$ cat entry02.txt   # compact mmCIF, C-alpha atoms and all ligand atoms
# COMPACT_ATOMS: atom_id res chain seq x y z
CA PRO A 29 119.94 154.41 58.89
CA ALA A 30 119.11 152.09 56.02
CA TRP A 31 119.22 148.94 58.15
CA GLU A 32 116.63 150.31 60.57
CA LYS A 33 113.99 150.57 57.89
CA ARG A 34 114.86 147.10 56.76
CA VAL A 35 114.67 145.64 60.27
CA ARG A 36 111.47 147.49 61.19
CA SER A 37 109.65 146.74 57.99
CA SER A 38 110.72 143.15 57.77
CA ALA A 39 109.09 140.19 59.41
CA ARG A 40 112.43 138.44 59.14
CA ILE A 41 113.62 138.88 62.66
CA ARG A 42 110.17 138.34 64.12
CA SER A 43 110.17 135.24 66.10
CA ARG A 44 107.63 132.45 65.97
CA ASN A 45 108.44 131.33 69.50
CA GLY A 46 109.07 134.57 71.41
CA ILE A 47 112.85 134.24 71.11
CA SER A 48 114.87 136.97 69.39
CA VAL A 49 118.60 136.51 69.16
CA LEU A 50 121.26 139.06 68.25
CA VAL A 51 124.16 137.12 66.71
CA THR A 52 127.42 139.09 66.68
CA GLY A 53 130.04 137.87 64.20
CA ALA A 54 127.17 136.49 62.09
CA ALA A 55 129.19 136.63 58.86
CA GLY A 56 131.93 134.54 60.47
CA PHE A 57 132.39 130.78 60.17
CA VAL A 58 130.55 129.76 63.35
CA GLY A 59 128.16 132.73 63.21
CA THR A 60 126.85 131.73 59.79
CA HIS A 61 126.01 128.20 60.90
CA VAL A 62 124.49 129.26 64.23
CA SER A 63 122.37 132.00 62.62
CA ALA A 64 121.04 129.62 59.95
CA ALA A 65 120.22 126.97 62.59
CA LEU A 66 118.38 129.48 64.79
CA LYS A 67 116.38 130.69 61.81
CA ARG A 68 115.52 127.13 60.77
CA ARG A 69 113.96 126.38 64.12
CA GLY A 70 111.88 129.57 64.10
CA ASP A 71 113.83 131.93 66.38
CA GLY A 72 114.02 135.60 65.43
CA VAL A 73 117.61 136.32 64.35
CA LEU A 74 119.45 139.53 63.57
CA GLY A 75 123.14 139.46 62.68
CA LEU A 76 125.83 142.06 63.33
CA ASP A 77 129.30 141.98 61.77
CA ASN A 78 131.97 144.51 60.81
CA PHE A 79 133.18 142.45 57.81
CA ASN A 80 136.82 143.12 58.70
CA ASP A 81 139.62 141.96 56.44
CA TYR A 82 141.42 139.55 58.80
CA TYR A 83 140.72 137.08 56.02
CA ASP A 84 139.16 137.58 52.60
CA PRO A 85 135.98 139.62 53.21
CA SER A 86 134.46 138.18 50.02
CA LEU A 87 134.02 134.90 51.94
CA LYS A 88 132.07 136.82 54.60
CA ARG A 89 129.96 138.43 51.85
CA ALA A 90 129.25 134.98 50.38
CA ARG A 91 128.13 133.74 53.81
CA GLN A 92 125.99 136.89 54.14
CA ALA A 93 124.31 136.16 50.81
CA PHE A 94 123.65 132.58 51.98
CA LEU A 95 122.08 133.89 55.19
CA GLU A 96 119.99 136.45 53.31
CA ARG A 97 118.55 133.60 51.27
CA SER A 98 117.72 131.86 54.55
CA GLY A 99 115.98 135.02 55.79
CA VAL A 100 118.69 136.31 58.15
CA PHE A 101 119.66 139.97 57.80
CA ILE A 102 123.11 141.19 58.92
CA VAL A 103 123.64 144.78 60.04
CA GLU A 104 127.13 146.01 59.16
CA GLY A 105 128.79 147.55 62.20
CA ASP A 106 131.24 147.17 65.03
CA ILE A 107 130.46 145.91 68.53
CA ASN A 108 132.38 148.93 69.83
CA ASP A 109 129.77 151.23 68.30
CA SER A 110 127.60 151.80 71.39
CA ALA A 111 125.17 154.09 69.57
CA LEU A 112 124.50 151.39 66.99
CA LEU A 113 124.06 148.71 69.66
CA ARG A 114 121.68 150.92 71.64
CA LYS A 115 119.63 151.53 68.54
CA LEU A 116 119.47 147.80 67.76
CA PHE A 117 118.16 147.10 71.25
CA GLU A 118 115.59 149.89 70.84
CA VAL A 119 114.29 148.35 67.66
CA VAL A 120 114.27 144.74 68.85
CA ALA A 121 113.69 143.43 72.40
CA PHE A 122 116.34 140.73 72.18
CA THR A 123 115.81 137.86 74.59
CA HIS A 124 119.26 136.42 73.86
CA VAL A 125 122.64 137.46 72.50
CA MET A 126 124.91 134.93 70.84
CA HIS A 127 128.24 136.73 70.93
CA LEU A 128 130.67 135.27 68.40
CA ALA A 129 132.38 138.43 67.08
CA ALA A 130 136.07 138.36 67.93
CA GLN A 131 139.53 138.72 66.53
CA ALA A 132 140.49 135.07 66.07
CA GLY A 133 143.85 133.42 65.26
CA VAL A 134 146.85 133.07 67.53
CA ARG A 135 149.79 134.08 65.30
CA TYR A 136 148.23 137.23 63.86
CA ALA A 137 148.36 138.68 67.39
CA MET A 138 152.11 139.09 67.14
CA GLU A 139 151.70 141.72 64.40
CA ASN A 140 148.27 143.08 65.33
CA PRO A 141 147.88 143.09 69.11
CA GLY A 142 145.54 146.09 69.04
CA SER A 143 142.79 144.34 67.12
CA TYR A 144 142.54 141.66 69.88
CA VAL A 145 142.16 144.32 72.53
CA HIS A 146 139.65 146.21 70.35
CA SER A 147 137.33 143.29 69.55
CA ASN A 148 137.83 140.77 72.35
CA ILE A 149 138.13 143.09 75.33
CA ALA A 150 136.78 146.59 74.52
CA GLY A 151 134.12 145.16 72.18
CA PHE A 152 132.89 142.64 74.74
CA VAL A 153 132.65 145.36 77.41
CA SER A 154 130.79 147.63 74.98
CA LEU A 155 128.25 144.86 74.30
CA LEU A 156 127.80 144.03 77.98
CA GLU A 157 127.28 147.72 78.82
CA ILE A 158 124.32 147.82 76.45
CA CYS A 159 122.96 144.44 77.65
CA LYS A 160 123.10 145.46 81.29
CA SER A 161 120.85 148.47 80.61
CA ALA A 162 118.49 146.75 78.18
CA ASN A 163 114.96 146.07 79.26
CA PRO A 164 114.55 143.11 79.31
CA GLN A 165 118.14 142.08 79.89
CA PRO A 166 119.04 139.40 77.36
CA ALA A 167 120.72 136.12 78.35
CA ILE A 168 124.18 136.11 76.78
CA VAL A 169 126.03 133.12 75.38
CA TRP A 170 129.54 133.95 74.20
CA ALA A 171 132.46 132.19 72.54
CA SER A 172 135.45 131.68 74.75
CA SER A 173 138.12 129.24 73.57
CA SER A 174 140.07 126.10 74.42
CA SER A 175 143.12 128.36 74.16
CA VAL A 176 142.44 129.58 77.72
CA TYR A 177 143.98 126.29 78.94
CA GLY A 178 147.26 127.53 77.48
CA LEU A 179 150.25 125.55 78.65
CA ASN A 180 148.21 123.41 81.06
CA THR A 181 149.48 119.85 80.69
CA LYS A 182 146.74 117.99 82.55
CA VAL A 183 144.54 116.25 79.96
CA PRO A 184 141.74 116.07 79.18
CA PHE A 185 141.06 119.73 80.00
CA SER A 186 138.16 120.21 82.36
CA GLU A 187 136.51 123.50 83.24
CA LYS A 188 138.09 123.55 86.71
CA ASP A 189 141.65 123.29 85.37
CA ARG A 190 144.06 126.19 85.57
CA THR A 191 143.76 128.88 82.91
CA ASP A 192 146.50 131.22 84.08
CA GLN A 193 149.13 130.36 81.45
CA PRO A 194 147.90 131.76 78.12
CA ALA A 195 150.35 131.09 75.29
CA SER A 196 149.13 133.91 73.02
CA LEU A 197 147.57 137.33 73.25
CA TYR A 198 144.45 135.79 71.66
CA ALA A 199 144.21 133.35 74.59
CA ALA A 200 144.86 136.13 77.09
CA THR A 201 142.00 138.23 75.66
CA LYS A 202 139.64 135.21 75.69
CA LYS A 203 140.58 134.58 79.31
CA ALA A 204 140.02 138.29 80.05
CA GLY A 205 136.54 137.88 78.55
CA GLU A 206 135.75 135.21 81.15
CA GLU A 207 136.87 137.53 83.97
CA ILE A 208 134.85 140.42 82.51
CA ALA A 209 131.79 138.14 82.33
CA HIS A 210 132.20 137.37 86.02
CA THR A 211 132.11 141.07 86.87
CA TYR A 212 128.96 141.81 84.84
CA ASN A 213 127.23 138.80 86.31
CA HIS A 214 128.24 139.79 89.83
CA ILE A 215 127.32 143.48 89.67
CA TYR A 216 124.44 143.61 87.18
CA GLY A 217 123.02 140.09 87.39
CA LEU A 218 123.56 139.42 83.69
CA SER A 219 123.05 135.79 82.66
CA LEU A 220 126.27 134.70 80.94
CA THR A 221 127.30 131.36 79.46
CA GLY A 222 130.81 130.96 78.02
CA LEU A 223 131.60 128.23 75.51
CA ARG A 224 135.19 127.09 75.11
CA PHE A 225 135.23 125.86 71.52
CA PHE A 226 137.94 123.37 70.52
CA THR A 227 139.34 123.82 66.95
CA VAL A 228 136.19 123.94 64.85
CA TYR A 229 136.17 122.68 61.24
CA GLY A 230 133.62 122.33 58.47
CA PRO A 231 132.06 124.05 55.44
CA TRP A 232 132.38 127.86 55.30
CA GLY A 233 135.51 127.36 57.46
CA ARG A 234 138.16 129.97 58.06
CA PRO A 235 140.97 130.06 55.48
CA ASP A 236 143.54 130.86 58.18
CA MET A 237 143.08 127.45 59.79
CA ALA A 238 145.60 124.63 59.31
CA TYR A 239 143.43 122.26 57.29
CA PHE A 240 143.01 124.96 54.62
CA PHE A 241 146.59 126.13 54.25
CA PHE A 242 147.95 122.58 54.55
CA THR A 243 145.69 121.59 51.63
CA ARG A 244 146.89 124.56 49.59
CA ASP A 245 150.54 123.93 50.39
CA ILE A 246 150.39 120.16 49.74
CA LEU A 247 148.89 120.88 46.32
CA LYS A 248 151.64 123.44 45.63
CA GLY A 249 154.33 120.93 46.66
CA LYS A 250 155.48 123.15 49.54
CA SER A 251 156.78 121.49 52.70
CA ILE A 252 154.42 121.13 55.65
CA PRO A 253 155.91 121.81 59.08
CA ILE A 254 155.06 119.07 61.57
CA PHE A 255 155.73 120.56 64.95
CA GLU A 256 157.03 118.40 67.74
CA ALA A 257 156.56 119.76 71.25
CA ALA A 258 159.07 118.87 73.94
CA ASN A 259 157.75 115.87 75.93
CA HIS A 260 154.45 115.74 74.04
CA GLY A 261 155.33 114.36 70.63
CA THR A 262 153.58 115.78 67.62
CA VAL A 263 151.19 118.68 68.17
CA ALA A 264 147.53 117.51 68.40
CA ARG A 265 144.14 119.20 68.25
CA ASP A 266 140.71 118.10 69.43
CA PHE A 267 139.06 118.97 66.08
CA THR A 268 135.32 119.49 66.51
CA TYR A 269 132.83 119.46 63.67
CA ILE A 270 130.75 122.61 63.16
CA ASP A 271 127.36 120.85 63.39
CA ASP A 272 128.27 119.60 66.86
CA ILE A 273 129.36 123.10 67.90
CA VAL A 274 126.07 124.52 66.61
CA LYS A 275 124.09 122.01 68.67
CA GLY A 276 126.15 122.98 71.71
CA CYS A 277 125.43 126.69 71.08
CA LEU A 278 121.69 126.07 70.75
CA GLY A 279 121.75 123.90 73.89
CA ALA A 280 123.45 126.74 75.77
CA LEU A 281 120.88 129.29 74.56
CA ASP A 282 118.03 126.99 75.55
CA THR A 283 119.34 126.31 79.03
CA ALA A 284 120.45 129.89 79.70
CA GLU A 285 118.62 131.11 82.72
CA LYS A 286 116.82 134.33 81.94
CA SER A 287 118.58 137.03 83.88
CA THR A 288 116.44 138.65 86.50
CA GLY A 289 117.66 142.20 86.25
CA SER A 290 116.34 144.88 83.93
CA GLY A 291 117.26 148.40 82.99
CA GLY A 292 120.66 148.14 84.67
CA LYS A 293 119.27 147.20 88.08
CA LYS A 294 120.34 144.00 89.69
CA LYS A 295 117.32 142.09 90.92
CA GLY A 296 118.77 138.71 91.76
CA PRO A 297 121.39 136.15 90.92
CA ALA A 298 121.67 134.94 87.35
CA GLN A 299 123.75 132.20 85.90
CA LEU A 300 127.42 132.38 85.05
CA ARG A 301 128.68 129.20 83.45
CA VAL A 302 131.57 128.05 81.28
CA TYR A 303 131.54 124.84 79.23
CA ASN A 304 133.98 122.96 77.03
CA LEU A 305 132.60 122.22 73.57
CA GLY A 306 135.10 119.76 72.12
CA ASN A 307 135.20 116.32 70.65
CA THR A 308 137.38 114.29 73.10
CA TRP A 309 139.30 112.85 70.13
CA PRO A 310 142.62 114.69 69.70
CA VAL A 311 144.17 114.14 66.28
CA PRO A 312 147.95 114.56 65.89
CA VAL A 313 148.71 117.09 63.18
CA SER A 314 150.83 114.42 61.42
CA ASP A 315 147.62 112.30 61.12
CA LEU A 316 145.74 115.31 59.75
CA VAL A 317 148.39 115.60 57.04
CA SER A 318 148.05 111.86 56.27
CA ILE A 319 144.28 112.26 55.89
CA LEU A 320 144.77 115.20 53.50
CA GLU A 321 147.33 113.18 51.51
CA ARG A 322 144.83 110.37 51.12
CA LEU A 323 142.00 112.68 50.06
CA LEU A 324 144.16 114.74 47.71
CA LYS A 325 146.03 111.68 46.39
CA VAL A 326 149.25 113.67 46.70
CA ASN A 327 152.21 112.95 48.99
CA ALA A 328 153.08 115.81 51.29
CA LYS A 329 156.62 116.98 51.92
CA ARG A 330 156.89 116.88 55.70
CA LYS A 331 159.37 118.86 57.71
CA LEU A 332 159.75 117.91 61.38
CA MET A 333 160.34 120.99 63.49
CA LYS A 334 160.42 122.00 67.14
CA LEU A 335 157.27 123.90 68.17
CA PRO A 336 158.26 127.58 68.13
CA ARG A 337 156.93 130.04 70.68
CA ASN A 338 154.46 131.62 68.31
CA GLY A 339 151.25 131.24 70.30
CA ASP A 340 150.43 127.63 69.44
CA VAL A 341 149.93 125.20 72.32
CA PRO A 342 151.21 121.59 72.18
CA PHE A 343 147.80 119.94 72.31
CA THR A 344 144.13 120.35 73.16
CA HIS A 345 141.80 117.68 74.51
CA ALA A 346 138.37 118.40 75.99
CA ASN A 347 136.59 116.78 78.86
CA ILE A 348 132.97 117.44 77.87
CA SER A 349 131.09 115.78 80.72
CA LEU A 350 129.76 119.09 82.11
CA ALA A 351 128.32 120.14 78.73
CA GLN A 352 126.93 116.63 78.24
CA ARG A 353 125.17 116.77 81.59
CA GLU A 354 123.89 120.34 81.52
CA LEU A 355 123.48 121.22 77.83
CA GLY A 356 122.71 117.79 76.37
CA TYR A 357 125.85 118.23 74.24
CA LYS A 358 126.91 115.12 72.38
CA PRO A 359 129.37 115.32 69.49
CA THR A 360 128.36 112.96 66.71
CA ILE A 361 131.28 113.34 64.29
CA CYS A 362 133.90 111.71 66.45
CA ARG A 363 136.42 109.83 64.38
CA VAL A 364 138.34 110.61 61.28
CA VAL A 365 138.56 107.46 59.19
P1 LIG A 401 135.46 134.30 62.30
O1 LIG A 401 136.64 135.21 62.25
O2 LIG A 401 135.10 133.55 61.07
O3 LIG A 401 134.18 135.08 62.81
C1 LIG A 401 134.22 136.24 63.62
C2 LIG A 401 133.38 137.30 62.93
O4 LIG A 401 133.35 138.43 63.82
C3 LIG A 401 133.99 137.78 61.62
O5 LIG A 401 133.02 137.71 60.57
C4 LIG A 401 134.40 139.23 61.88
O6 LIG A 401 134.21 140.06 60.75
C5 LIG A 401 133.48 139.61 63.03
N1 LIG A 401 134.09 140.63 63.92
C6 LIG A 401 135.33 140.63 64.43
N2 LIG A 401 135.51 141.72 65.20
C7 LIG A 401 134.34 142.40 65.17
C8 LIG A 401 133.91 143.62 65.76
N3 LIG A 401 134.74 144.37 66.53
N4 LIG A 401 132.63 144.04 65.53
C9 LIG A 401 131.79 143.30 64.75
N5 LIG A 401 132.16 142.16 64.14
C10 LIG A 401 133.42 141.71 64.36
O7 LIG A 401 135.76 133.28 63.50
P2 LIG A 401 134.97 131.96 63.93
O8 LIG A 401 135.88 130.82 63.70
O9 LIG A 401 133.60 131.97 63.40
O10 LIG A 401 134.91 132.20 65.51
C11 LIG A 401 133.72 132.61 66.19
C12 LIG A 401 134.04 132.75 67.65
O11 LIG A 401 134.49 131.50 68.18
C13 LIG A 401 135.14 133.74 67.97
O12 LIG A 401 134.82 134.38 69.17
C14 LIG A 401 136.36 132.87 68.15
O13 LIG A 401 137.32 133.48 68.97
C15 LIG A 401 135.73 131.66 68.81
N6 LIG A 401 136.49 130.41 68.62
C16 LIG A 401 136.59 129.86 67.38
C17 LIG A 401 137.28 128.66 67.24
C18 LIG A 401 137.42 127.99 65.90
O14 LIG A 401 138.10 126.95 65.81
N7 LIG A 401 136.78 128.48 64.83
C19 LIG A 401 137.88 128.04 68.34
C20 LIG A 401 137.75 128.66 69.59
C21 LIG A 401 137.04 129.83 69.73
$ encode --input "entry02.txt" --output "structure tokens"
Amino acid sequence: PAWEKRVRSSARIRSRNGISVLVTGAAGFVGTHVSAALKRRGDGVLGLDNFNDYYDPSLKRARQAFLERSGVFIVEGDINDSALLRKLFEVVAFTHVMHLAAQAGVRYAMENPGSYVHSNIAGFVSLLEICKSANPQPAIVWASSSSVYGLNTKVPFSEKDRTDQPASLYAATKKAGEEIAHTYNHIYGLSLTGLRFFTVYGPWGRPDMAYFFFTRDILKGKSIPIFEAANHGTVARDFTYIDDIVKGCLGALDTAEKSTGSGGKKKGPAQLRVYNLGNTWPVPVSDLVSILERLLKVNAKRKLMKLPRNGDVPFTHANISLAQRELGYKPTICRVV
């Protein structure tokens, strides 16, 4: 295939420090930033993305062009394509996998349940099947989500809290990913680190996220629904800036214990860890709308509504002490002024 020639003949994914990372979902919001940061510090990086049309693929193409200019090449393909994955691992001895490819978004799941099962469950298993047999086995860091806390009402959320009440199919598939990781760690000794991201925002962000469509709708003069959840007041999110998330991802890659197995044989225990990557500063959605009003210099039409059962949870709030201790994670963009 065309990409193979490109990858083989190019020095682009050759690493200066012995680290070669496969980044899945590299044309996505987080994937773009993580890939660029890895490249900047001299790691070998190869991206993989299927450029699906969950949101405007031209945004993914623009991110791809940005990465190309930074020296990161993205292979177009699906994580369910085992033959392609096998080939990639033949061409490059990846030391790490940063797995960010997923079907994101909570409401879309009501119309498209199959794509969550395809990417977040079947796709994750397909990737782990290849990793378990690779020689050497790569250490895997993957994106879980704050949504696994679901309807948990104990705040702030810490990694030991219950995660058995997912409010959306998205959350259920992210939770399933954590259980699947446990199995592959247990049987095959794969090193796996899960990162529960809390609502990430920043440049190259996803157009399906609230801060984008609120901006659009305020400018159009449309009313903005401010959801009130029973007993919790206005819905709130622990918005976390992308640069902080990237540092957390790099910290997780750097502290990931190299797994001790190879070629599908378990040789010893490897790490299985899950960390919250949040901000510890939940912002009520009504405050987010006020901030947008100030920046746009336009008054929003607000409409107070009861939180419907559409997959959204009332609030998110991270306890990040474990990531602070073990990954050196420290969010720097903490307050919205
Ligand atoms: P994104 O949709 O921008 O990026 C995901 C990328 O994966 C997309 O470019 C998509 O084309 C690709 N992809 C999807 N399915 C694929 C498949 N089967 N094969 C190959 N590529 C595929 O989303 P994002 O915001 O960058 O999220 C990255 C990860 O972080 C996801 O796992 C997401 O669930 C998780 N996460 C994100 C947030 C957030 O606020 N952005 C919060 C919690 C968790």
$ residues_near_ligand --input "entry02.txt" --ligand "ligand LIG 401 (chain A)" --cutoff "6 Å" --atoms "only C-alpha atoms and all ligand atoms" --output "list of chain:residue names"
A:Gly53, A:Ala55, A:Gly56, A:Phe57, A:Val58, A:Gly59, A:Asp77, A:Asn78, A:Phe79, A:Asn80, A:Gly105, A:Asp106, A:Ile107, A:Leu128, A:Ala129, A:Ala130, A:Gln131, A:Ala132, A:Ser147, A:Gly151, A:Ala171, A:Ser172, A:Ser173, A:Ser174, A:Phe225, A:Phe226, A:Thr227, A:Val228, A:Arg234
$ residues_around --input "entry02.txt" --residues "Ile208 in chain A" --least-positions-apart "6" --cutoff "10 Å" --atoms "only C-alpha atoms" --output "ChimeraX atom specification"
/A:149,152-153,156,202,214
$ closest_residue --input "entry02.txt" --among "A:Val145, A:Met126, A:Ala65, A:Leu155" --to "Val169 in chain A" --atoms "only C-alpha atoms"
A:Met126
$ closest_residue --input "entry02.txt" --among "A:Ala298, A:Phe267, A:Gly233, A:Gly356" --to "Val311 in chain A" --atoms "all atoms listed in the file"
A:Phe267
$ closest_residue --input "entry02.txt" --among "A:Ala238, A:Arg224, A:Asp245, A:Ser349" --to "Tyr303 in chain A" --atoms "all atoms listed in the file"
A:Arg224
$ closest_atom_pairs --input "entry02.txt" --of "range 162-261 of chain A" --to "range 269-286 of chain A" --cutoff "9 Å" --atoms "only C-alpha atoms" --output "JSON lines"
{"residue": "A:Gln165", "atom": "CA", "partner": "A:Lys286", "partner_atom": "CA", "distance": 8.1}
{"residue": "A:Pro166", "atom": "CA", "partner": "A:Lys286", "partner_atom": "CA", "distance": 7.2}
{"residue": "A:Ala167", "atom": "CA", "partner": "A:Lys286", "partner_atom": "CA", "distance": 5.6}
{"residue": "A:Ile168", "atom": "CA", "partner": "A:Ala284", "partner_atom": "CA", "distance": 7.8}
{"residue": "A:Val169", "atom": "CA", "partner": "A:Leu281", "partner_atom": "CA", "distance": 6.5}
{"residue": "A:Trp170", "atom": "CA", "partner": "A:Cys277", "partner_atom": "CA", "distance": 8.9}
{"residue": "A:Leu218", "atom": "CA", "partner": "A:Lys286", "partner_atom": "CA", "distance": 8.6}
{"residue": "A:Ser219", "atom": "CA", "partner": "A:Lys286", "partner_atom": "CA", "distance": 6.4}
{"residue": "A:Leu220", "atom": "CA", "partner": "A:Ala284", "partner_atom": "CA", "distance": 7.7}
{"residue": "A:Thr221", "atom": "CA", "partner": "A:Ala284", "partner_atom": "CA", "distance": 7.0}
{"residue": "A:Gly222", "atom": "CA", "partner": "A:Ala280", "partner_atom": "CA", "distance": 8.8}
{"residue": "A:Leu223", "atom": "CA", "partner": "A:Cys277", "partner_atom": "CA", "distance": 7.8}
{"residue": "A:Phe225", "atom": "CA", "partner": "A:Ile273", "partner_atom": "CA", "distance": 7.4}
{"residue": "A:Phe226", "atom": "CA", "partner": "A:Ile273", "partner_atom": "CA", "distance": 9.0}
{"residue": "A:Thr227", "atom": "CA", "partner": "A:Tyr269", "partner_atom": "CA", "distance": 8.5}
{"residue": "A:Val228", "atom": "CA", "partner": "A:Tyr269", "partner_atom": "CA", "distance": 5.7}
{"residue": "A:Tyr229", "atom": "CA", "partner": "A:Tyr269", "partner_atom": "CA", "distance": 5.2}
{"residue": "A:Gly230", "atom": "CA", "partner": "A:Ile270", "partner_atom": "CA", "distance": 5.5}
{"residue": "A:Pro231", "atom": "CA", "partner": "A:Ile270", "partner_atom": "CA", "distance": 8.0}
{"residue": "A:Gly233", "atom": "CA", "partner": "A:Ile270", "partner_atom": "CA", "distance": 8.8}
$ write_last_selection --input "entry02.txt" --atoms "C-alpha atoms" --output "tab-separated table (two decimals), in the coordinates of the input"
chain	number	residue	atom	x	y	z
A	165	GLN	CA	118.14	142.08	79.89
A	166	PRO	CA	119.04	139.40	77.36
A	167	ALA	CA	120.72	136.12	78.35
A	168	ILE	CA	124.18	136.11	76.78
A	169	VAL	CA	126.03	133.12	75.38
A	170	TRP	CA	129.54	133.95	74.20
A	218	LEU	CA	123.56	139.42	83.69
A	219	SER	CA	123.05	135.79	82.66
A	220	LEU	CA	126.27	134.70	80.94
A	221	THR	CA	127.30	131.36	79.46
A	222	GLY	CA	130.81	130.96	78.02
A	223	LEU	CA	131.60	128.23	75.51
A	225	PHE	CA	135.23	125.86	71.52
A	226	PHE	CA	137.94	123.37	70.52
A	227	THR	CA	139.34	123.82	66.95
A	228	VAL	CA	136.19	123.94	64.85
A	229	TYR	CA	136.17	122.68	61.24
A	230	GLY	CA	133.62	122.33	58.47
A	231	PRO	CA	132.06	124.05	55.44
A	233	GLY	CA	135.51	127.36	57.46
$ residues_around --input "entry02.txt" --residues "Ala195 in chain A" --least-positions-apart "3" --cutoff "10 Å" --atoms "only C-alpha atoms" --output "list in words"
Val134, Ser175, Val176, Tyr177, Gly178, Leu179, Asn180, Asp192, Tyr198, Ala199, Ala200, Arg337, Asn338, Gly339, Asp340 and Val341 of chain A
$ residues_around --input "entry02.txt" --residues "Ile47 in chain A" --least-positions-apart "4" --cutoff "10 Å" --atoms "all atoms listed in the file" --output "list in words"
Ile41, Arg42, Ser43, Leu66, Gly70, Asp71, Gly72, Val73, Ala121, Phe122, Thr123, His124 and Asp282 of chain A
$ closest_residue --input "entry02.txt" --among "A:Ala93, A:Leu113, A:Ala64, A:Ile246" --to "Ile319 in chain A" --atoms "all atoms listed in the file"
A:Ile246
$ closest_residue --input "entry02.txt" --among "A:Ile102, A:Val317, A:Ala257, A:Ile361" --to "Thr181 in chain A" --atoms "only C-alpha atoms"
A:Ala257
$ closest_residue --input "entry02.txt" --among "A:Asn148, A:Gln352, A:Asn259, A:Ser251" --to "Lys203 in chain A" --atoms "all atoms listed in the file"
A:Asn148
$ residues_around --input "entry02.txt" --residues "Leu332 in chain A" --least-positions-apart "2" --cutoff "8 Å" --atoms "all atoms listed in the file" --output "VMD selection string"
chain A and resid 253 to 256 330 334
$ atom_distance --input "entry02.txt" --atom1 "CA of Ile215 in chain A" --atom2 "CA of Ser154 in chain A"
15.7 Å
$ atom_distance --input "entry02.txt" --atom1 "CA of Gly249 in chain A" --atom2 "CA of Leu316 in chain A"
16.6 Å
$ atom_distance --input "entry02.txt" --atom1 "CA of Trp232 in chain A" --atom2 "CA of Lys248 in chain A"
22.0 Å
$ residues_around --input "entry02.txt" --residues "Tyr239 in chain A" --least-positions-apart "2" --cutoff "9 Å" --atoms "only C-alpha atoms" --output "VMD selection string"
chain A and resid 229 235 to 237 241 to 244 316 to 317 320
